[in-house]
>>> print(open('protein.cif').read())   # mmCIF, N, CA and C atoms and all ligand atoms
data_target
#
loop_
_atom_site.label_atom_id
_atom_site.label_comp_id
_atom_site.auth_asym_id
_atom_site.auth_seq_id
_atom_site.Cartn_x
_atom_site.Cartn_y
_atom_site.Cartn_z
N MET A 200 0.84 -1.20 0.00
CA MET A 200 0.00 0.00 0.00
C MET A 200 0.87 1.25 0.00
N THR A 201 0.47 2.19 -0.80
CA THR A 201 1.20 3.45 -0.88
C THR A 201 1.04 4.23 0.42
N ASN A 202 2.10 4.83 0.84
CA ASN A 202 2.02 5.65 2.05
C ASN A 202 1.68 7.10 1.68
N TYR A 203 0.40 7.40 1.78
CA TYR A 203 -0.08 8.73 1.36
C TYR A 203 0.42 9.84 2.27
N THR A 204 0.67 9.49 3.53
CA THR A 204 1.16 10.50 4.47
C THR A 204 2.51 11.04 4.03
N ASN A 205 3.42 10.10 3.71
CA ASN A 205 4.74 10.53 3.26
C ASN A 205 4.68 11.29 1.94
N LEU A 206 3.77 10.81 1.09
CA LEU A 206 3.60 11.43 -0.22
C LEU A 206 3.20 12.90 -0.06
N LEU A 207 2.25 13.15 0.83
CA LEU A 207 1.80 14.52 1.08
C LEU A 207 2.94 15.36 1.63
N LYS A 208 3.71 14.77 2.55
CA LYS A 208 4.84 15.50 3.15
C LYS A 208 5.88 15.87 2.10
N GLU A 209 6.10 14.94 1.19
CA GLU A 209 7.06 15.20 0.12
C GLU A 209 6.69 16.44 -0.67
N TYR A 210 5.40 16.67 -0.81
CA TYR A 210 4.93 17.82 -1.56
C TYR A 210 4.70 19.03 -0.68
N ASP A 211 5.20 18.93 0.56
CA ASP A 211 5.10 20.05 1.47
C ASP A 211 3.64 20.40 1.78
N LEU A 212 2.82 19.36 1.87
CA LEU A 212 1.41 19.57 2.17
C LEU A 212 1.12 19.09 3.59
N LYS A 213 0.31 19.85 4.29
CA LYS A 213 -0.08 19.46 5.64
C LYS A 213 -0.89 18.16 5.56
N VAL A 214 -0.57 17.24 6.46
CA VAL A 214 -1.27 15.96 6.43
C VAL A 214 -2.47 16.00 7.38
N THR A 215 -3.65 15.81 6.83
CA THR A 215 -4.85 15.69 7.65
C THR A 215 -5.56 14.40 7.23
N PRO A 216 -6.35 13.82 8.12
CA PRO A 216 -7.04 12.57 7.76
C PRO A 216 -7.92 12.77 6.51
N GLN A 217 -8.51 13.95 6.39
CA GLN A 217 -9.35 14.24 5.22
C GLN A 217 -8.53 14.21 3.93
N ARG A 218 -7.36 14.84 4.01
CA ARG A 218 -6.49 14.88 2.83
C ARG A 218 -6.04 13.49 2.42
N VAL A 219 -5.66 12.71 3.43
CA VAL A 219 -5.21 11.35 3.14
C VAL A 219 -6.35 10.58 2.48
N ALA A 220 -7.58 10.79 2.96
CA ALA A 220 -8.74 10.09 2.39
C ALA A 220 -8.99 10.51 0.94
N ILE A 221 -8.82 11.80 0.64
CA ILE A 221 -9.00 12.29 -0.73
C ILE A 221 -7.98 11.63 -1.66
N VAL A 222 -6.72 11.62 -1.20
CA VAL A 222 -5.66 11.03 -2.02
C VAL A 222 -5.93 9.54 -2.25
N GLU A 223 -6.38 8.88 -1.20
CA GLU A 223 -6.68 7.46 -1.28
C GLU A 223 -7.78 7.18 -2.31
N GLU A 224 -8.83 8.00 -2.27
CA GLU A 224 -9.94 7.83 -3.22
C GLU A 224 -9.46 8.04 -4.65
N LEU A 225 -8.67 9.09 -4.85
CA LEU A 225 -8.19 9.39 -6.20
C LEU A 225 -7.24 8.30 -6.69
N TYR A 226 -6.47 7.77 -5.75
CA TYR A 226 -5.53 6.71 -6.12
C TYR A 226 -6.30 5.46 -6.56
N ASN A 227 -7.36 5.15 -5.84
CA ASN A 227 -8.12 3.94 -6.15
C ASN A 227 -9.07 4.09 -7.33
N ASN A 228 -9.61 5.29 -7.51
CA ASN A 228 -10.65 5.46 -8.53
C ASN A 228 -10.20 6.19 -9.79
N GLY A 229 -8.98 6.73 -9.78
CA GLY A 229 -8.55 7.46 -10.96
C GLY A 229 -9.07 8.88 -10.95
N HIS A 230 -10.01 9.18 -11.82
CA HIS A 230 -10.49 10.55 -11.95
C HIS A 230 -11.82 10.74 -11.24
N MET A 231 -11.89 11.73 -10.39
CA MET A 231 -13.15 12.00 -9.68
C MET A 231 -13.43 13.49 -9.65
N ASN A 232 -14.71 13.85 -9.71
CA ASN A 232 -15.02 15.26 -9.52
C ASN A 232 -15.32 15.51 -8.04
N ILE A 233 -15.50 16.79 -7.72
CA ILE A 233 -15.65 17.17 -6.31
C ILE A 233 -16.88 16.49 -5.69
N ASP A 234 -17.96 16.41 -6.44
CA ASP A 234 -19.18 15.81 -5.90
C ASP A 234 -18.99 14.34 -5.54
N ASP A 235 -18.29 13.61 -6.43
CA ASP A 235 -18.01 12.20 -6.14
C ASP A 235 -17.17 12.07 -4.88
N LEU A 236 -16.16 12.92 -4.79
CA LEU A 236 -15.28 12.88 -3.62
C LEU A 236 -16.05 13.18 -2.34
N TYR A 237 -16.92 14.16 -2.44
CA TYR A 237 -17.73 14.56 -1.30
C TYR A 237 -18.58 13.38 -0.81
N LYS A 238 -19.26 12.73 -1.75
CA LYS A 238 -20.10 11.59 -1.40
C LYS A 238 -19.29 10.49 -0.72
N LYS A 239 -18.12 10.20 -1.28
CA LYS A 239 -17.27 9.15 -0.72
C LYS A 239 -16.79 9.51 0.68
N LEU A 240 -16.37 10.76 0.84
CA LEU A 240 -15.79 11.15 2.11
C LEU A 240 -16.81 11.31 3.23
N LEU A 241 -18.05 11.57 2.84
CA LEU A 241 -19.10 11.73 3.85
C LEU A 241 -19.26 10.48 4.71
N SER A 242 -19.02 9.32 4.12
CA SER A 242 -19.18 8.09 4.91
C SER A 242 -18.10 7.96 5.98
N LYS A 243 -16.94 8.54 5.72
CA LYS A 243 -15.86 8.50 6.71
C LYS A 243 -15.89 9.69 7.64
N PHE A 244 -16.25 10.84 7.09
CA PHE A 244 -16.26 12.08 7.87
C PHE A 244 -17.63 12.72 7.73
N PRO A 245 -18.59 12.31 8.56
CA PRO A 245 -19.97 12.78 8.40
C PRO A 245 -20.12 14.29 8.49
N SER A 246 -19.15 14.98 9.11
CA SER A 246 -19.32 16.42 9.26
C SER A 246 -18.55 17.22 8.22
N ILE A 247 -17.93 16.54 7.26
CA ILE A 247 -17.13 17.25 6.26
C ILE A 247 -18.04 18.07 5.36
N SER A 248 -17.55 19.23 4.92
CA SER A 248 -18.37 20.06 4.03
C SER A 248 -17.74 20.10 2.64
N LEU A 249 -18.58 20.48 1.69
CA LEU A 249 -18.12 20.60 0.31
C LEU A 249 -16.98 21.63 0.23
N ALA A 250 -17.12 22.69 1.04
CA ALA A 250 -16.11 23.75 1.05
C ALA A 250 -14.75 23.22 1.51
N THR A 251 -14.76 22.32 2.47
CA THR A 251 -13.51 21.72 2.95
C THR A 251 -12.83 20.93 1.84
N ILE A 252 -13.65 20.19 1.09
CA ILE A 252 -13.09 19.40 0.00
C ILE A 252 -12.47 20.34 -1.04
N TYR A 253 -13.19 21.39 -1.39
CA TYR A 253 -12.68 22.38 -2.34
C TYR A 253 -11.34 22.94 -1.88
N LYS A 254 -11.30 23.33 -0.61
CA LYS A 254 -10.09 23.95 -0.06
C LYS A 254 -8.90 22.99 -0.15
N ASN A 255 -9.15 21.74 0.24
CA ASN A 255 -8.08 20.74 0.20
C ASN A 255 -7.62 20.46 -1.22
N ILE A 256 -8.58 20.33 -2.11
CA ILE A 256 -8.24 20.05 -3.51
C ILE A 256 -7.41 21.20 -4.07
N ASN A 257 -7.86 22.43 -3.83
CA ASN A 257 -7.14 23.59 -4.35
C ASN A 257 -5.71 23.66 -3.83
N ALA A 258 -5.55 23.36 -2.55
CA ALA A 258 -4.20 23.38 -1.97
C ALA A 258 -3.31 22.35 -2.65
N MET A 259 -3.88 21.20 -2.95
CA MET A 259 -3.08 20.14 -3.56
C MET A 259 -2.82 20.39 -5.04
N VAL A 260 -3.75 21.09 -5.70
CA VAL A 260 -3.52 21.46 -7.10
C VAL A 260 -2.42 22.51 -7.17
N GLU A 261 -2.44 23.45 -6.21
CA GLU A 261 -1.45 24.51 -6.16
C GLU A 261 -0.03 23.96 -6.03
N LYS A 262 0.12 22.89 -5.27
CA LYS A 262 1.44 22.29 -5.07
C LYS A 262 1.79 21.30 -6.18
N VAL A 263 0.94 21.26 -7.19
CA VAL A 263 1.11 20.33 -8.31
C VAL A 263 1.22 18.88 -7.85
N PHE A 264 0.42 18.58 -6.85
CA PHE A 264 0.31 17.20 -6.37
C PHE A 264 -0.87 16.54 -7.07
N LEU A 265 -1.92 17.33 -7.27
CA LEU A 265 -3.07 16.88 -8.05
C LEU A 265 -3.16 17.72 -9.31
N SER A 266 -3.75 17.16 -10.35
CA SER A 266 -4.03 18.01 -11.49
C SER A 266 -5.51 17.99 -11.79
N GLU A 267 -5.96 19.13 -12.32
CA GLU A 267 -7.35 19.28 -12.68
C GLU A 267 -7.50 18.97 -14.15
N VAL A 268 -8.47 18.15 -14.48
CA VAL A 268 -8.75 17.85 -15.88
C VAL A 268 -10.07 18.53 -16.22
N LYS A 269 -10.00 19.51 -17.11
CA LYS A 269 -11.23 20.23 -17.48
C LYS A 269 -11.93 19.45 -18.58
N LEU A 270 -13.18 19.17 -18.37
CA LEU A 270 -13.94 18.40 -19.35
C LEU A 270 -14.99 19.29 -19.99
N PRO A 271 -15.21 19.12 -21.29
CA PRO A 271 -16.26 19.91 -21.93
C PRO A 271 -17.63 19.46 -21.41
N ASN A 272 -18.48 20.39 -21.12
CA ASN A 272 -19.87 20.10 -20.70
C ASN A 272 -20.00 19.30 -19.42
N SER A 273 -18.93 19.23 -18.63
CA SER A 273 -19.14 18.60 -17.32
C SER A 273 -18.10 19.10 -16.34
N LYS A 274 -18.28 18.72 -15.10
CA LYS A 274 -17.41 19.24 -14.04
C LYS A 274 -15.99 18.72 -14.18
N SER A 275 -15.04 19.53 -13.75
CA SER A 275 -13.64 19.11 -13.75
C SER A 275 -13.46 17.88 -12.89
N VAL A 276 -12.54 17.02 -13.30
CA VAL A 276 -12.16 15.91 -12.43
C VAL A 276 -10.71 16.11 -12.00
N TYR A 277 -10.33 15.41 -10.97
CA TYR A 277 -8.99 15.54 -10.43
C TYR A 277 -8.29 14.20 -10.42
N GLU A 278 -6.98 14.23 -10.53
CA GLU A 278 -6.20 13.01 -10.47
C GLU A 278 -4.83 13.34 -9.89
N LEU A 279 -4.12 12.31 -9.45
CA LEU A 279 -2.77 12.51 -8.98
C LEU A 279 -1.91 12.84 -10.19
N VAL A 280 -0.98 13.76 -10.02
CA VAL A 280 -0.14 14.17 -11.14
C VAL A 280 0.73 13.01 -11.60
N LYS A 281 0.73 12.79 -12.89
CA LYS A 281 1.62 11.78 -13.47
C LYS A 281 2.13 12.32 -14.80
N VAL A 282 2.75 11.46 -15.61
CA VAL A 282 3.25 11.97 -16.88
C VAL A 282 2.10 12.50 -17.71
N GLU A 283 2.43 13.44 -18.58
CA GLU A 283 1.39 14.07 -19.37
C GLU A 283 0.66 13.04 -20.23
N HIS A 284 -0.65 13.16 -20.25
CA HIS A 284 -1.45 12.23 -21.05
C HIS A 284 -2.74 12.89 -21.48
N ALA A 285 -3.41 12.26 -22.42
CA ALA A 285 -4.70 12.77 -22.87
C ALA A 285 -5.80 11.94 -22.20
N HIS A 286 -7.03 12.36 -22.37
CA HIS A 286 -8.15 11.64 -21.75
C HIS A 286 -9.20 11.23 -22.76
N LEU A 287 -9.72 10.04 -22.54
CA LEU A 287 -10.85 9.55 -23.31
C LEU A 287 -12.07 9.65 -22.40
N VAL A 288 -13.12 10.24 -22.89
CA VAL A 288 -14.32 10.38 -22.07
C VAL A 288 -15.50 9.77 -22.80
N CYS A 289 -16.22 8.89 -22.12
CA CYS A 289 -17.40 8.27 -22.73
C CYS A 289 -18.58 9.22 -22.59
N SER A 290 -19.19 9.57 -23.71
CA SER A 290 -20.29 10.53 -23.64
C SER A 290 -21.58 9.85 -23.19
N SER A 291 -21.55 8.54 -23.05
CA SER A 291 -22.75 7.85 -22.59
C SER A 291 -22.73 7.63 -21.07
N CYS A 292 -21.65 7.05 -20.55
CA CYS A 292 -21.63 6.75 -19.10
C CYS A 292 -20.70 7.67 -18.32
N GLY A 293 -19.92 8.49 -19.01
CA GLY A 293 -19.04 9.41 -18.31
C GLY A 293 -17.71 8.81 -17.89
N HIS A 294 -17.48 7.56 -18.24
CA HIS A 294 -16.22 6.90 -17.89
C HIS A 294 -15.03 7.68 -18.48
N ILE A 295 -13.98 7.82 -17.66
CA ILE A 295 -12.79 8.56 -18.11
C ILE A 295 -11.58 7.65 -18.05
N GLU A 296 -10.82 7.67 -19.11
CA GLU A 296 -9.65 6.82 -19.17
C GLU A 296 -8.43 7.63 -19.61
N ASP A 297 -7.26 7.25 -19.12
CA ASP A 297 -6.02 7.88 -19.58
C ASP A 297 -5.60 7.26 -20.89
N ILE A 298 -5.05 8.07 -21.76
CA ILE A 298 -4.43 7.52 -22.96
C ILE A 298 -3.11 8.23 -23.18
N MET A 299 -2.05 7.45 -23.34
CA MET A 299 -0.73 8.03 -23.52
C MET A 299 -0.59 8.46 -24.98
N LEU A 300 -0.78 9.74 -25.21
CA LEU A 300 -0.68 10.27 -26.56
C LEU A 300 0.47 11.26 -26.60
N ASP A 301 1.19 11.24 -27.66
CA ASP A 301 2.27 12.20 -27.81
C ASP A 301 1.70 13.46 -28.47
N ALA A 302 1.64 14.53 -27.71
CA ALA A 302 1.03 15.76 -28.22
C ALA A 302 2.02 16.62 -28.99
N SER A 303 3.26 16.16 -29.12
CA SER A 303 4.28 17.05 -29.70
C SER A 303 3.98 17.41 -31.15
N SER A 304 3.38 16.49 -31.90
CA SER A 304 3.08 16.82 -33.30
C SER A 304 1.98 17.88 -33.39
N ILE A 305 1.04 17.83 -32.46
CA ILE A 305 -0.01 18.84 -32.43
C ILE A 305 0.59 20.20 -32.09
N LEU A 306 1.48 20.20 -31.11
CA LEU A 306 2.12 21.45 -30.69
C LEU A 306 2.96 22.04 -31.83
N GLU A 307 3.64 21.16 -32.53
CA GLU A 307 4.47 21.59 -33.65
C GLU A 307 3.61 22.22 -34.75
N GLU A 308 2.54 21.53 -35.06
CA GLU A 308 1.58 22.01 -36.05
C GLU A 308 1.01 23.37 -35.62
N ALA A 309 0.65 23.45 -34.35
CA ALA A 309 0.05 24.68 -33.83
C ALA A 309 1.02 25.85 -33.92
N SER A 310 2.30 25.58 -33.61
CA SER A 310 3.26 26.67 -33.61
C SER A 310 3.55 27.14 -35.04
N LYS A 311 3.26 26.28 -36.03
CA LYS A 311 3.44 26.68 -37.42
C LYS A 311 2.36 27.65 -37.85
N ILE A 312 1.15 27.46 -37.36
CA ILE A 312 0.03 28.25 -37.86
C ILE A 312 -0.39 29.40 -36.95
N THR A 313 0.25 29.52 -35.79
CA THR A 313 -0.09 30.62 -34.92
C THR A 313 1.16 31.14 -34.22
N SER A 314 1.13 32.42 -33.82
CA SER A 314 2.27 32.92 -33.06
C SER A 314 1.96 32.86 -31.57
N PHE A 315 0.87 32.25 -31.25
CA PHE A 315 0.46 32.04 -29.87
C PHE A 315 1.49 31.16 -29.17
N LYS A 316 1.95 31.58 -27.99
CA LYS A 316 2.90 30.74 -27.26
C LYS A 316 2.14 29.76 -26.38
N ILE A 317 2.14 28.52 -26.77
CA ILE A 317 1.36 27.51 -26.05
C ILE A 317 2.19 26.92 -24.91
N ASP A 318 1.63 26.94 -23.71
CA ASP A 318 2.39 26.38 -22.60
C ASP A 318 1.68 25.22 -21.90
N SER A 319 0.48 24.94 -22.31
CA SER A 319 -0.13 23.75 -21.72
C SER A 319 -1.17 23.17 -22.66
N THR A 320 -1.38 21.90 -22.51
CA THR A 320 -2.38 21.25 -23.36
C THR A 320 -3.37 20.51 -22.47
N ASN A 321 -4.56 20.37 -22.96
CA ASN A 321 -5.58 19.61 -22.25
C ASN A 321 -6.37 18.90 -23.32
N ILE A 322 -5.93 17.69 -23.63
CA ILE A 322 -6.56 16.99 -24.75
C ILE A 322 -7.60 16.00 -24.22
N VAL A 323 -8.83 16.24 -24.60
CA VAL A 323 -9.92 15.36 -24.20
C VAL A 323 -10.61 14.85 -25.46
N LEU A 324 -10.62 13.55 -25.61
CA LEU A 324 -11.27 12.94 -26.76
C LEU A 324 -12.54 12.28 -26.26
N SER A 325 -13.65 12.57 -26.90
CA SER A 325 -14.87 11.94 -26.42
C SER A 325 -15.42 10.96 -27.42
N GLY A 326 -16.19 10.03 -26.94
CA GLY A 326 -16.76 9.00 -27.77
C GLY A 326 -17.53 8.01 -26.92
N ILE A 327 -17.64 6.80 -27.39
CA ILE A 327 -18.38 5.78 -26.66
C ILE A 327 -17.41 4.68 -26.21
N CYS A 328 -17.42 4.37 -24.93
CA CYS A 328 -16.49 3.37 -24.41
C CYS A 328 -16.90 1.97 -24.87
N PRO A 329 -15.97 0.99 -24.76
CA PRO A 329 -16.29 -0.36 -25.22
C PRO A 329 -17.52 -0.96 -24.54
N LYS A 330 -17.68 -0.67 -23.24
CA LYS A 330 -18.82 -1.22 -22.51
C LYS A 330 -20.14 -0.72 -23.09
N CYS A 331 -20.18 0.60 -23.37
CA CYS A 331 -21.43 1.20 -23.85
C CYS A 331 -21.71 0.86 -25.31
N SER A 332 -20.66 0.54 -26.06
CA SER A 332 -20.90 0.30 -27.49
C SER A 332 -21.32 -1.15 -27.74
N LYS A 333 -21.34 -1.95 -26.68
CA LYS A 333 -21.74 -3.34 -26.84
C LYS A 333 -23.22 -3.48 -27.15
ZN ZN B 1 -19.48 4.28 -21.49
ZN ZN B 2 -5.78 11.08 -16.34
#
>>> encode(input="protein.cif", output="structure tokens", more="lines below")
Ligand SMILES: [Zn+2]
Ligand SMILES: [Zn+2]
Amino acid sequence: MTNYTNLLKEYDLKVTPQRVAIVEELYNNGHMNIDDLYKKLLSKFPSISLATIYKNINAMVEKVFLSEVKLPNSKSVYELVKVEHAHLVCSSCGHIEDIMLDASSILEEASKITSFKIDSTNIVLSGICPKCSK
């Protein structure tokens, strides 16, 4: 089992039971939005508020421990920071999956046609997942 306490310390983040629980949920479930996290954490911390979750998430995003994935037409989800990747989103069930895509050709293409200085990418591909297309 991963030691989330040490992980948080490594990122210079204060360790609280709530924070450890958030990290644990994200580690086990992959991508979750704030509402999902709130529902999960309520069972462990009946007095936790949505605002507390927001505050904790923001602190961890600020330290680049978590990253926010902005999705078109739905709430942002969060995940533990890892190597850069794109996301597949099922428009039927909302399932989100990581896909290791090399964005360098897109960036190269973009820099040819615009003088815009691009410093970040957020690639979300949507479609129907294998389960839903059955
Ligand atoms: Zn699906
Ligand atoms: Zn991801």
>>> residues_near_ligand(input="protein.cif", ligand="ligand ZN 1 (chain B)", cutoff="12 Å", atoms="only C-alpha atoms and all ligand atoms", output="MDAnalysis selection string")
chainID A and resid 287:296 325:333
>>> write_last_selection(input="protein.cif", atoms="N, CA and C atoms", output="short mmCIF file (atom, residue, chain, number, x, y, z; two decimals), in the coordinates of the input")
data_model
loop_
_atom_site.label_atom_id
_atom_site.label_comp_id
_atom_site.auth_asym_id
_atom_site.auth_seq_id
_atom_site.Cartn_x
_atom_site.Cartn_y
_atom_site.Cartn_z
N LEU A 287 -9.72 10.04 -22.54
CA LEU A 287 -10.85 9.55 -23.31
C LEU A 287 -12.07 9.65 -22.40
N VAL A 288 -13.12 10.24 -22.89
CA VAL A 288 -14.32 10.38 -22.07
C VAL A 288 -15.50 9.77 -22.80
N CYS A 289 -16.22 8.89 -22.12
CA CYS A 289 -17.40 8.27 -22.73
C CYS A 289 -18.58 9.22 -22.59
N SER A 290 -19.19 9.57 -23.71
CA SER A 290 -20.29 10.53 -23.64
C SER A 290 -21.58 9.85 -23.19
N SER A 291 -21.55 8.54 -23.05
CA SER A 291 -22.75 7.85 -22.59
C SER A 291 -22.73 7.63 -21.07
N CYS A 292 -21.65 7.05 -20.55
CA CYS A 292 -21.63 6.75 -19.10
C CYS A 292 -20.70 7.67 -18.32
N GLY A 293 -19.92 8.49 -19.01
CA GLY A 293 -19.04 9.41 -18.31
C GLY A 293 -17.71 8.81 -17.89
N HIS A 294 -17.48 7.56 -18.24
CA HIS A 294 -16.22 6.90 -17.89
C HIS A 294 -15.03 7.68 -18.48
N ILE A 295 -13.98 7.82 -17.66
CA ILE A 295 -12.79 8.56 -18.11
C ILE A 295 -11.58 7.65 -18.05
N GLU A 296 -10.82 7.67 -19.11
CA GLU A 296 -9.65 6.82 -19.17
C GLU A 296 -8.43 7.63 -19.61
N SER A 325 -13.65 12.57 -26.90
CA SER A 325 -14.87 11.94 -26.42
C SER A 325 -15.42 10.96 -27.42
N GLY A 326 -16.19 10.03 -26.94
CA GLY A 326 -16.76 9.00 -27.77
C GLY A 326 -17.53 8.01 -26.92
N ILE A 327 -17.64 6.80 -27.39
CA ILE A 327 -18.38 5.78 -26.66
C ILE A 327 -17.41 4.68 -26.21
N CYS A 328 -17.42 4.37 -24.93
CA CYS A 328 -16.49 3.37 -24.41
C CYS A 328 -16.90 1.97 -24.87
N PRO A 329 -15.97 0.99 -24.76
CA PRO A 329 -16.29 -0.36 -25.22
C PRO A 329 -17.52 -0.96 -24.54
N LYS A 330 -17.68 -0.67 -23.24
CA LYS A 330 -18.82 -1.22 -22.51
C LYS A 330 -20.14 -0.72 -23.09
N CYS A 331 -20.18 0.60 -23.37
CA CYS A 331 -21.43 1.20 -23.85
C CYS A 331 -21.71 0.86 -25.31
N SER A 332 -20.66 0.54 -26.06
CA SER A 332 -20.90 0.30 -27.49
C SER A 332 -21.32 -1.15 -27.74
N LYS A 333 -21.34 -1.95 -26.68
CA LYS A 333 -21.74 -3.34 -26.84
C LYS A 333 -23.22 -3.48 -27.15
#
>>> atom_distance(input="protein.cif", atom1="atom CA of Val260 of chain A", atom2="atom CA of Ser304 of chain A")
27.4 Å
>>> closest_atom_pairs(input="protein.cif", of="chain A", to="ligand ZN 2 (chain B)", cutoff="8 Å", atoms="only C-alpha atoms and all ligand atoms", output="CSV")
residue,atom,partner,partner_atom,distance
A:Gly229,CA,B:ZN2,ZN,7.1
A:His230,CA,B:ZN2,ZN,6.5
A:Val268,CA,B:ZN2,ZN,7.4
A:Glu278,CA,B:ZN2,ZN,6.2
A:Lys281,CA,B:ZN2,ZN,8.0
A:His284,CA,B:ZN2,ZN,6.5
A:Ala285,CA,B:ZN2,ZN,6.8
A:His286,CA,B:ZN2,ZN,5.9
A:Ile295,CA,B:ZN2,ZN,7.7
A:Glu296,CA,B:ZN2,ZN,6.4
A:Asp297,CA,B:ZN2,ZN,4.6
A:Ile298,CA,B:ZN2,ZN,7.6
>>> select_by_dssp(input="protein.cif", residues="segment 230-312 of chain A", states="strand (DSSP E)", output="list in words")
Met231, Asn232, Leu265, Ser266, Glu267, Val268, Lys269, Leu270, Ser273, Lys274, Ser275, Val276, Tyr277, Glu278, Leu279, Ala285, His286, Leu287, Val288, Cys289, Ile295, Glu296, Asp297 and Ile298 of chain A
>>> write_last_selection(input="protein.cif", atoms="N, CA and C atoms", output="short mmCIF file (atom, residue, chain, number, x, y, z; two decimals), keeping the file's coordinate frame")
data_model
loop_
_atom_site.label_atom_id
_atom_site.label_comp_id
_atom_site.auth_asym_id
_atom_site.auth_seq_id
_atom_site.Cartn_x
_atom_site.Cartn_y
_atom_site.Cartn_z
N MET A 231 -11.89 11.73 -10.39
CA MET A 231 -13.15 12.00 -9.68
C MET A 231 -13.43 13.49 -9.65
N ASN A 232 -14.71 13.85 -9.71
CA ASN A 232 -15.02 15.26 -9.52
C ASN A 232 -15.32 15.51 -8.04
N LEU A 265 -1.92 17.33 -7.27
CA LEU A 265 -3.07 16.88 -8.05
C LEU A 265 -3.16 17.72 -9.31
N SER A 266 -3.75 17.16 -10.35
CA SER A 266 -4.03 18.01 -11.49
C SER A 266 -5.51 17.99 -11.79
N GLU A 267 -5.96 19.13 -12.32
CA GLU A 267 -7.35 19.28 -12.68
C GLU A 267 -7.50 18.97 -14.15
N VAL A 268 -8.47 18.15 -14.48
CA VAL A 268 -8.75 17.85 -15.88
C VAL A 268 -10.07 18.53 -16.22
N LYS A 269 -10.00 19.51 -17.11
CA LYS A 269 -11.23 20.23 -17.48
C LYS A 269 -11.93 19.45 -18.58
N LEU A 270 -13.18 19.17 -18.37
CA LEU A 270 -13.94 18.40 -19.35
C LEU A 270 -14.99 19.29 -19.99
N SER A 273 -18.93 19.23 -18.63
CA SER A 273 -19.14 18.60 -17.32
C SER A 273 -18.10 19.10 -16.34
N LYS A 274 -18.28 18.72 -15.10
CA LYS A 274 -17.41 19.24 -14.04
C LYS A 274 -15.99 18.72 -14.18
N SER A 275 -15.04 19.53 -13.75
CA SER A 275 -13.64 19.11 -13.75
C SER A 275 -13.46 17.88 -12.89
N VAL A 276 -12.54 17.02 -13.30
CA VAL A 276 -12.16 15.91 -12.43
C VAL A 276 -10.71 16.11 -12.00
N TYR A 277 -10.33 15.41 -10.97
CA TYR A 277 -8.99 15.54 -10.43
C TYR A 277 -8.29 14.20 -10.42
N GLU A 278 -6.98 14.23 -10.53
CA GLU A 278 -6.20 13.01 -10.47
C GLU A 278 -4.83 13.34 -9.89
N LEU A 279 -4.12 12.31 -9.45
CA LEU A 279 -2.77 12.51 -8.98
C LEU A 279 -1.91 12.84 -10.19
N ALA A 285 -3.41 12.26 -22.42
CA ALA A 285 -4.70 12.77 -22.87
C ALA A 285 -5.80 11.94 -22.20
N HIS A 286 -7.03 12.36 -22.37
CA HIS A 286 -8.15 11.64 -21.75
C HIS A 286 -9.20 11.23 -22.76
N LEU A 287 -9.72 10.04 -22.54
CA LEU A 287 -10.85 9.55 -23.31
C LEU A 287 -12.07 9.65 -22.40
N VAL A 288 -13.12 10.24 -22.89
CA VAL A 288 -14.32 10.38 -22.07
C VAL A 288 -15.50 9.77 -22.80
N CYS A 289 -16.22 8.89 -22.12
CA CYS A 289 -17.40 8.27 -22.73
C CYS A 289 -18.58 9.22 -22.59
N ILE A 295 -13.98 7.82 -17.66
CA ILE A 295 -12.79 8.56 -18.11
C ILE A 295 -11.58 7.65 -18.05
N GLU A 296 -10.82 7.67 -19.11
CA GLU A 296 -9.65 6.82 -19.17
C GLU A 296 -8.43 7.63 -19.61
N ASP A 297 -7.26 7.25 -19.12
CA ASP A 297 -6.02 7.88 -19.58
C ASP A 297 -5.60 7.26 -20.89
N ILE A 298 -5.05 8.07 -21.76
CA ILE A 298 -4.43 7.52 -22.96
C ILE A 298 -3.11 8.23 -23.18
#
>>> atom_distance(input="protein.cif", atom1="atom CA of Met259 of chain A", atom2="atom CA of Lys316 of chain A")
26.6 Å
>>> atom_distance(input="protein.cif", atom1="atom C of Leu300 of chain A", atom2="atom C of Asp318 of chain A")
14.8 Å
>>> closest_residue(input="protein.cif", among="A:Lys238, A:Lys254, A:Lys262, A:Lys269", to="Leu212 of chain A", atoms="only N, CA and C atoms")
A:Lys262
>>> residues_around(input="protein.cif", residues="Asn232 of chain A", least_positions_apart="6", cutoff="7 Å", atoms="all atoms listed in the file", output="PyMOL selection string")
chain A and resi 274-277
>>> select_by_dssp(input="protein.cif", residues="segment 234-298 of chain A", states="alpha helix (DSSP H)", output="list in words")
Asp234, Asp235, Leu236, Tyr237, Lys238, Lys239, Leu240, Leu241, Ser242, Lys243, Leu249, Ala250, Thr251, Ile252, Tyr253, Lys254, Asn255, Ile256, Asn257, Ala258, Met259, Val260 and Glu261 of chain A
>>> closest_residue(input="protein.cif", among="A:Asn272, A:Leu279, A:Phe315, A:Phe264", to="Leu225 of chain A", atoms="all atoms listed in the file")
A:Leu279
>>> closest_residue(input="protein.cif", among="A:Val280, A:Ala302, A:Tyr253, A:Ile247", to="Ile233 of chain A", atoms="all atoms listed in the file")
A:Tyr253
>>> residues_around(input="protein.cif", residues="Val222 of chain A", least_positions_apart="3", cutoff="9 Å", atoms="only C-alpha atoms", output="MDAnalysis selection string")
chainID A and resid 203 207 217:219 225:227 265 278:279
>>> closest_residue(input="protein.cif", among="A:Thr215, A:Thr320, A:Ser242, A:Ser310", to="Glu267 of chain A", atoms="only C-alpha atoms")
A:Thr320
